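K.L.:
This one is target-v5.cif, mmCIF, C-alpha atoms.
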```cif
data_entry
#
loop_
_atom_site.label_atom_id
_atom_site.label_comp_id
_atom_site.auth_asym_id
_atom_site.auth_seq_id
_atom_site.Cartn_x
_atom_site.Cartn_y
_atom_site.Cartn_z
CA MET A 24 8.61 -2.36 14.69
CA GLU A 25 5.09 -1.13 15.36
CA GLN A 26 2.29 -2.68 13.34
CA ARG A 27 1.48 0.04 10.81
CA ILE A 28 2.05 1.47 7.34
CA SER A 29 2.85 5.18 7.10
CA LEU A 30 2.94 5.73 3.36
CA VAL A 31 1.98 3.94 0.19
CA THR A 32 4.09 5.34 -2.66
CA LEU A 33 3.29 4.55 -6.28
CA GLY A 34 5.93 5.02 -8.97
CA VAL A 35 4.45 6.85 -12.00
CA ALA A 36 5.57 7.51 -15.58
CA ASP A 37 3.96 10.96 -15.86
CA LEU A 38 3.28 12.84 -12.63
CA PRO A 39 0.69 15.38 -13.95
CA ARG A 40 -1.18 12.55 -15.69
CA ALA A 41 -1.24 10.53 -12.46
CA VAL A 42 -2.41 13.52 -10.40
CA ALA A 43 -5.12 14.23 -12.99
CA PHE A 44 -6.34 10.67 -12.54
CA TYR A 45 -6.46 10.71 -8.73
CA GLU A 46 -7.93 14.20 -8.54
CA GLY A 47 -10.04 14.28 -11.70
CA VAL A 48 -11.29 10.70 -11.87
CA LEU A 49 -11.26 9.53 -8.25
CA GLY A 50 -12.09 12.98 -6.89
CA TRP A 51 -9.27 13.10 -4.33
CA LYS A 52 -7.48 16.29 -3.28
CA ALA A 53 -3.70 16.50 -3.08
CA GLU A 54 -1.87 18.33 -0.31
CA SER A 55 0.52 21.15 -1.03
CA SER A 56 3.62 19.05 -1.77
CA PRO A 57 7.34 19.58 -2.39
CA PRO A 58 8.39 19.79 -6.08
CA GLY A 59 8.51 16.45 -7.91
CA VAL A 60 6.24 14.46 -5.61
CA VAL A 61 2.52 14.68 -4.80
CA PHE A 62 1.09 13.65 -1.42
CA PHE A 63 -2.50 12.82 -0.47
CA ASP A 64 -3.49 12.68 3.20
CA LEU A 65 -5.59 9.52 3.75
CA SER A 66 -6.62 9.99 7.39
CA GLY A 67 -3.26 9.12 8.84
CA VAL A 68 -1.81 7.18 5.93
CA VAL A 69 0.01 9.19 3.28
CA PHE A 70 -0.44 8.20 -0.35
CA ALA A 71 2.38 9.45 -2.60
CA LEU A 72 2.88 9.67 -6.36
CA TRP A 73 6.52 9.87 -7.40
CA PRO A 74 8.20 9.41 -10.82
CA HIS A 75 9.47 5.86 -11.43
CA ASP A 76 13.11 6.90 -11.88
CA GLU A 77 13.17 8.85 -8.62
CA LEU A 78 11.49 6.09 -6.64
CA ALA A 79 13.70 3.36 -8.11
CA LYS A 80 16.83 5.45 -7.48
CA ASP A 81 15.73 6.12 -3.92
CA MET A 82 15.25 2.38 -3.39
CA GLY A 83 18.69 1.63 -4.80
CA LEU A 84 17.15 -0.19 -7.78
CA THR A 85 16.68 0.40 -11.49
CA ALA A 86 13.27 1.00 -13.04
CA ASP A 87 12.96 -2.05 -15.29
CA ARG A 88 9.91 -2.84 -17.28
CA VAL A 89 7.01 -3.60 -14.98
CA PRO A 90 4.52 -6.27 -16.09
CA ALA A 91 0.76 -6.07 -15.61
CA TYR A 92 0.89 -8.19 -12.51
CA ARG A 93 3.18 -6.71 -9.87
CA GLY A 94 2.18 -8.84 -6.94
CA TYR A 95 0.27 -6.27 -4.94
CA SER A 96 -3.06 -4.47 -4.79
CA LEU A 97 -4.52 -1.45 -3.07
CA ALA A 98 -8.14 -1.64 -1.99
CA HIS A 99 -10.89 0.80 -1.16
CA ASN A 100 -13.85 -0.64 0.71
CA VAL A 101 -17.30 0.92 0.55
CA ARG A 102 -20.56 0.48 2.46
CA SER A 103 -22.75 -1.17 -0.21
CA GLU A 104 -22.75 -2.96 -3.56
CA ALA A 105 -24.43 0.10 -5.07
CA GLU A 106 -21.43 2.18 -4.06
CA VAL A 107 -19.11 -0.25 -5.84
CA ASP A 108 -21.25 0.03 -8.98
CA ALA A 109 -21.35 3.84 -8.76
CA ILE A 110 -17.55 4.06 -8.60
CA PHE A 111 -17.17 1.75 -11.61
CA ALA A 112 -19.74 3.77 -13.55
CA ARG A 113 -17.65 6.86 -12.91
CA LEU A 114 -14.43 5.05 -13.86
CA LYS A 115 -16.01 3.80 -17.08
CA ASN A 116 -17.23 7.30 -17.96
CA HIS A 117 -13.68 8.55 -17.55
CA GLY A 118 -12.23 5.79 -19.74
CA ALA A 119 -10.32 4.14 -16.89
CA THR A 120 -8.93 0.62 -17.38
CA ILE A 121 -11.32 -1.91 -15.84
CA LEU A 122 -9.55 -5.19 -15.06
CA LYS A 123 -12.56 -6.96 -13.57
CA LYS A 124 -16.13 -5.67 -13.56
CA PRO A 125 -17.89 -5.58 -10.18
CA GLN A 126 -19.25 -9.01 -9.34
CA LYS A 127 -20.10 -11.31 -6.46
CA ALA A 128 -16.84 -12.44 -4.89
CA PHE A 129 -16.05 -15.99 -3.74
CA TRP A 130 -15.49 -14.67 -0.19
CA GLY A 131 -19.06 -13.42 0.11
CA GLY A 132 -18.62 -9.79 -0.89
CA TYR A 133 -18.88 -7.81 -4.10
CA SER A 134 -15.90 -6.28 -5.87
CA GLY A 135 -14.11 -5.21 -9.03
CA TYR A 136 -10.60 -4.13 -10.02
CA PHE A 137 -9.27 -1.26 -12.10
CA SER A 138 -5.82 0.08 -12.85
CA ASP A 139 -4.63 3.67 -12.83
CA PRO A 140 -2.74 5.19 -15.82
CA ASP A 141 0.52 3.61 -14.61
CA GLY A 142 -0.95 0.14 -14.17
CA HIS A 143 -1.28 0.26 -10.37
CA THR A 144 -4.17 -1.97 -9.40
CA TRP A 145 -7.03 -1.07 -7.08
CA GLU A 146 -9.91 -3.16 -5.83
CA ILE A 147 -13.21 -1.50 -4.94
CA ALA A 148 -15.08 -3.80 -2.61
CA HIS A 149 -18.11 -4.17 -0.40
CA ASN A 150 -17.34 -6.59 2.42
CA PRO A 151 -20.52 -7.34 4.41
CA PHE A 152 -18.44 -8.93 7.23
CA TRP A 153 -16.35 -5.84 7.97
CA THR A 154 -17.30 -2.37 9.17
CA ILE A 155 -16.34 1.01 7.76
CA LYS A 156 -16.13 3.52 10.57
CA GLU A 157 -17.36 7.11 10.54
CA ASP A 158 -13.90 8.39 9.52
CA GLY A 159 -13.61 5.83 6.71
CA ARG A 160 -11.19 3.53 8.49
CA VAL A 161 -11.89 -0.15 8.18
CA SER A 162 -12.50 -2.61 11.01
CA MET A 163 -12.24 -6.37 10.50
CA LYS A 164 -15.19 -6.87 12.82
CA LYS A 165 -18.86 -6.63 11.95
CA ASP A 166 -20.45 -3.69 13.75
CA ARG A 167 -23.85 -4.91 14.92
CA MET B 9 -14.77 7.94 -3.83
CA GLU B 10 -13.61 8.80 -0.33
CA GLN B 11 -9.94 9.57 0.14
CA ARG B 12 -8.63 6.43 1.81
CA ILE B 13 -7.01 3.02 1.42
CA SER B 14 -8.68 0.08 3.18
CA LEU B 15 -6.23 -2.74 2.48
CA VAL B 16 -2.73 -3.24 1.18
CA THR B 17 -2.47 -6.80 -0.17
CA LEU B 18 0.88 -8.32 -1.07
CA GLY B 19 1.09 -11.32 -3.36
CA VAL B 20 3.45 -13.96 -1.93
CA ALA B 21 5.08 -17.14 -3.25
CA ASP B 22 4.99 -19.04 0.07
CA LEU B 23 2.38 -17.97 2.63
CA PRO B 24 3.94 -19.57 5.77
CA ARG B 25 7.35 -18.11 4.82
CA ALA B 26 5.80 -14.66 4.39
CA VAL B 27 3.93 -14.89 7.71
CA ALA B 28 7.14 -16.05 9.44
CA PHE B 29 8.83 -12.91 8.14
CA TYR B 30 6.15 -10.45 9.25
CA GLU B 31 5.62 -12.12 12.61
CA GLY B 32 9.10 -13.43 13.34
CA VAL B 33 11.28 -10.68 11.88
CA LEU B 34 9.09 -7.58 12.04
CA GLY B 35 7.36 -8.70 15.22
CA TRP B 36 3.81 -8.17 13.96
CA LYS B 37 0.83 -10.27 15.02
CA ALA B 38 -1.63 -11.68 12.49
CA GLU B 39 -5.37 -11.79 13.10
CA SER B 40 -7.31 -15.02 13.03
CA SER B 41 -7.86 -15.24 9.25
CA PRO B 42 -9.81 -17.36 6.76
CA PRO B 43 -7.88 -20.26 5.17
CA GLY B 44 -5.41 -19.25 2.46
CA VAL B 45 -4.97 -15.60 3.40
CA VAL B 46 -3.43 -13.86 6.40
CA PHE B 47 -4.63 -10.46 7.66
CA PHE B 48 -2.88 -7.98 9.95
CA ASP B 49 -4.86 -5.13 11.52
CA LEU B 50 -2.85 -1.90 11.14
CA SER B 51 -5.03 0.51 13.14
CA GLY B 52 -7.74 0.82 10.57
CA VAL B 53 -5.80 -0.30 7.51
CA VAL B 54 -5.70 -4.02 6.80
CA PHE B 55 -2.48 -5.55 5.51
CA ALA B 56 -3.00 -8.87 3.72
CA LEU B 57 -0.70 -11.64 2.51
CA TRP B 58 -2.17 -13.79 -0.25
CA PRO B 59 -0.57 -16.30 -2.64
CA HIS B 60 0.41 -14.78 -6.01
CA ASP B 61 -1.79 -17.09 -8.07
CA GLU B 62 -4.88 -16.33 -5.99
CA LEU B 63 -4.30 -12.58 -6.04
CA ALA B 64 -3.55 -12.53 -9.77
CA LYS B 65 -6.63 -14.64 -10.52
CA ASP B 66 -8.78 -12.39 -8.34
CA MET B 67 -7.49 -9.38 -10.28
CA GLY B 68 -8.26 -11.07 -13.61
CA LEU B 69 -4.54 -11.18 -14.45
CA THR B 70 -1.82 -13.80 -14.74
CA ALA B 71 1.08 -13.97 -12.32
CA ASP B 72 4.00 -13.22 -14.64
CA ARG B 73 7.55 -12.90 -13.48
CA VAL B 74 7.90 -9.82 -11.29
CA PRO B 75 11.15 -7.85 -11.53
CA ALA B 76 12.97 -6.30 -8.58
CA TYR B 77 11.45 -2.92 -9.23
CA ARG B 78 7.63 -3.04 -9.20
CA GLY B 79 6.91 0.65 -9.10
CA TYR B 80 5.69 0.91 -5.54
CA SER B 81 6.87 1.00 -1.96
CA LEU B 82 5.42 0.63 1.49
CA ALA B 83 6.86 2.80 4.24
CA HIS B 84 6.99 2.68 8.01
CA ASN B 85 7.95 5.96 9.69
CA VAL B 86 9.54 6.08 13.14
CA ARG B 87 10.26 8.80 15.69
CA SER B 88 14.07 8.98 15.50
CA GLU B 89 17.14 8.01 13.45
CA ALA B 90 18.11 5.61 16.23
CA GLU B 91 14.82 3.77 15.71
CA VAL B 92 15.62 3.39 12.01
CA ASP B 93 19.04 1.95 12.90
CA ALA B 94 17.54 -0.40 15.49
CA ILE B 95 15.09 -1.84 12.95
CA PHE B 96 17.86 -2.39 10.39
CA ALA B 97 20.05 -4.06 13.03
CA ARG B 98 17.21 -6.49 13.68
CA LEU B 99 16.65 -7.06 9.96
CA LYS B 100 20.36 -7.73 9.43
CA ASN B 101 20.41 -10.19 12.34
CA HIS B 102 17.54 -12.07 10.72
CA GLY B 103 19.27 -12.16 7.33
CA ALA B 104 16.70 -9.91 5.64
CA THR B 105 17.51 -8.39 2.24
CA ILE B 106 18.76 -4.82 2.73
CA LEU B 107 18.37 -2.76 -0.46
CA LYS B 108 19.73 0.50 0.93
CA LYS B 109 21.36 0.94 4.33
CA PRO B 110 19.95 3.70 6.55
CA GLN B 111 21.41 7.04 5.51
CA LYS B 112 20.69 10.76 5.39
CA ALA B 113 18.06 11.34 2.74
CA PHE B 114 18.06 14.17 0.18
CA TRP B 115 14.71 15.36 1.56
CA GLY B 116 16.14 16.03 5.01
CA GLY B 117 15.29 12.81 6.78
CA TYR B 118 17.00 9.49 7.40
CA SER B 119 15.95 6.23 5.79
CA GLY B 120 16.78 2.82 4.37
CA TYR B 121 14.99 0.17 2.29
CA PHE B 122 14.63 -3.58 2.66
CA SER B 123 12.64 -6.24 0.86
CA ASP B 124 10.61 -9.07 2.31
CA PRO B 125 11.06 -12.70 1.15
CA ASP B 126 8.84 -12.05 -1.89
CA GLY B 127 10.67 -8.90 -2.96
CA HIS B 128 8.10 -6.41 -1.65
CA THR B 129 9.94 -3.23 -0.75
CA TRP B 130 9.64 -1.30 2.50
CA GLU B 131 11.22 1.97 3.52
CA ILE B 132 11.94 2.63 7.20
CA ALA B 133 12.21 6.39 7.66
CA HIS B 134 12.55 9.16 10.17
CA ASN B 135 10.97 12.32 8.78
CA PRO B 136 11.71 15.27 11.11
CA PHE B 137 9.07 17.40 9.33
CA TRP B 138 6.15 15.05 10.03
CA THR B 139 4.57 13.87 13.26
CA ILE B 140 3.77 10.35 14.40
CA LYS B 141 0.70 10.41 16.59
CA GLU B 142 0.12 8.44 19.77
CA ASP B 143 -1.68 5.66 17.87
CA GLY B 144 1.11 5.44 15.28
CA ARG B 145 -0.75 7.23 12.52
CA VAL B 146 1.27 9.76 10.56
CA SER B 147 0.49 13.46 10.14
CA MET B 148 2.07 15.55 7.39
CA LYS B 149 2.35 18.48 9.78
CA LYS B 150 5.08 19.09 12.32
CA ASP B 151 3.66 18.88 15.84
CA ARG B 152 5.30 21.73 17.76
#
```
Since I need it in another form, could you write the structure as structure tokens?
P.N.:
Amino acid sequence: MEQRISLVTLGVADLPRAVAFYEGVLGWKAESSPPGVVFFDLSGVVFALWPHDELAKDMGLTADRVPAYRGYSLAHNVRSEAEVDAIFARLKNHGATILKKPQKAFWGGYSGYFSDPDGHTWEIAHNPFWTIKEDGRVSMKKDR
Amino acid sequence: MEQRISLVTLGVADLPRAVAFYEGVLGWKAESSPPGVVFFDLSGVVFALWPHDELAKDMGLTADRVPAYRGYSLAHNVRSEAEVDAIFARLKNHGATILKKPQKAFWGGYSGYFSDPDGHTWEIAHNPFWTIKEDGRVSMKKDR
């Protein structure tokens, strides 16, 4: 099994509401997608929004109640602390749920957490020890 | 906010057990990582394993019980149905939890689901309408 992730799929309660959040609040642009699912092309990783019942059924599971903490996080790294603050300012203006305001992190960076309308958690972080390449992909090495 | 994901972090109950699964069963190779967390470099996306309590605390949440269905899925796409079967044969040999055996999917592909020791769900899929590039990254267009 090669060392990669092809898709990250989030189960959502209301697909148009979720799309409105990712497009309207985060400013992303969805691809033309088949009915009932919405795909975003993230430079070689596909991010998908799919109703909870469909995703759970596809997994062979049932969509039970999901608590606030689901044991995972998505993260979006940026090039400066100011960029972290700018994203949280935008999120606040749009009434998004802020879990943790941007702050100095114990690991030497600067980050905050928010959740989308379905409670999926995202971290926005500046990590001074890693590099963000031209195309936005992250490298775990410091580019000097 | 640029359209990308930098990290996918999974909360885990037992870090060595989780690492043994990703390295021993999936055959991945971890990077040299700081104490208490384990990173894998997935061609520009970082995959992280981090104890539940630490991740929950970092998010500003508490690590409640997590049910089987957590409203998300990771996926790993491969180049043929035979590759899907080969991965599931390996998973079965290692006693991994198979949620859904590989089968024809309603969307025209072939896929199955398994969960890791902490219940994080993965889909292994062959999608004949998408392309997997040389470096393993996925493209939502068919390469003809």
K.L.:
Given the choices B:Gly32, B:Pro59, B:Pro43, B:Gly52, which gets closest to Asp126 in chain B if the distance is worked out from all atoms listed in the file?
P.N.:
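Closest residue, counting all atoms listed in the file: B:Pro59.
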K.L.:
Give the answer as one residue: which of B:His134, B:Asn101, B:Ser123, B:Val53 has the shortest atom-to-atom distance to Asn100 in chain A, using only C-alpha atoms?
P.N.:
B:Val53
K.L.:
Tell me the residues of chain A close to chain B, meaning within 8 Å using only C-alpha atoms, as a PyMOL selection string.
P.N.:
chain A and resi 24-35+49-52+64-69+75+78-79+82-100+110+122-123+135-136+159-163
K.L.:
Could you work out how far CA of Ser88 in chain B lies from CA of Tyr118 in chain B, giving the answer in Å with one decimal?
P.N.:
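Computing the Euclidean distance for CA of Tyr118 in chain B and CA of Ser88 in chain B yields 8.6 Å.
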K.L.:
Measure the distance from CA of Val27 in chain B to CA of Arg102 in chain A in Å and round it to one decimal.
P.N.:
29.4 Å
K.L.:
Convert the output of the PyMOL selection byres ((chain B and resi 150) around 9) on the shown file into explicit residues, formatted as a ChimeraX atom specification.
P.N.:
/B:136-139,147-149,151-152
K.L.:
When you draw a straight line from CA of Ser40 in chain B to CA of Lys127 in chain A, how long is it in Å?
P.N.:
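Rounded to one decimal, the two atoms are 23.6 Å apart.
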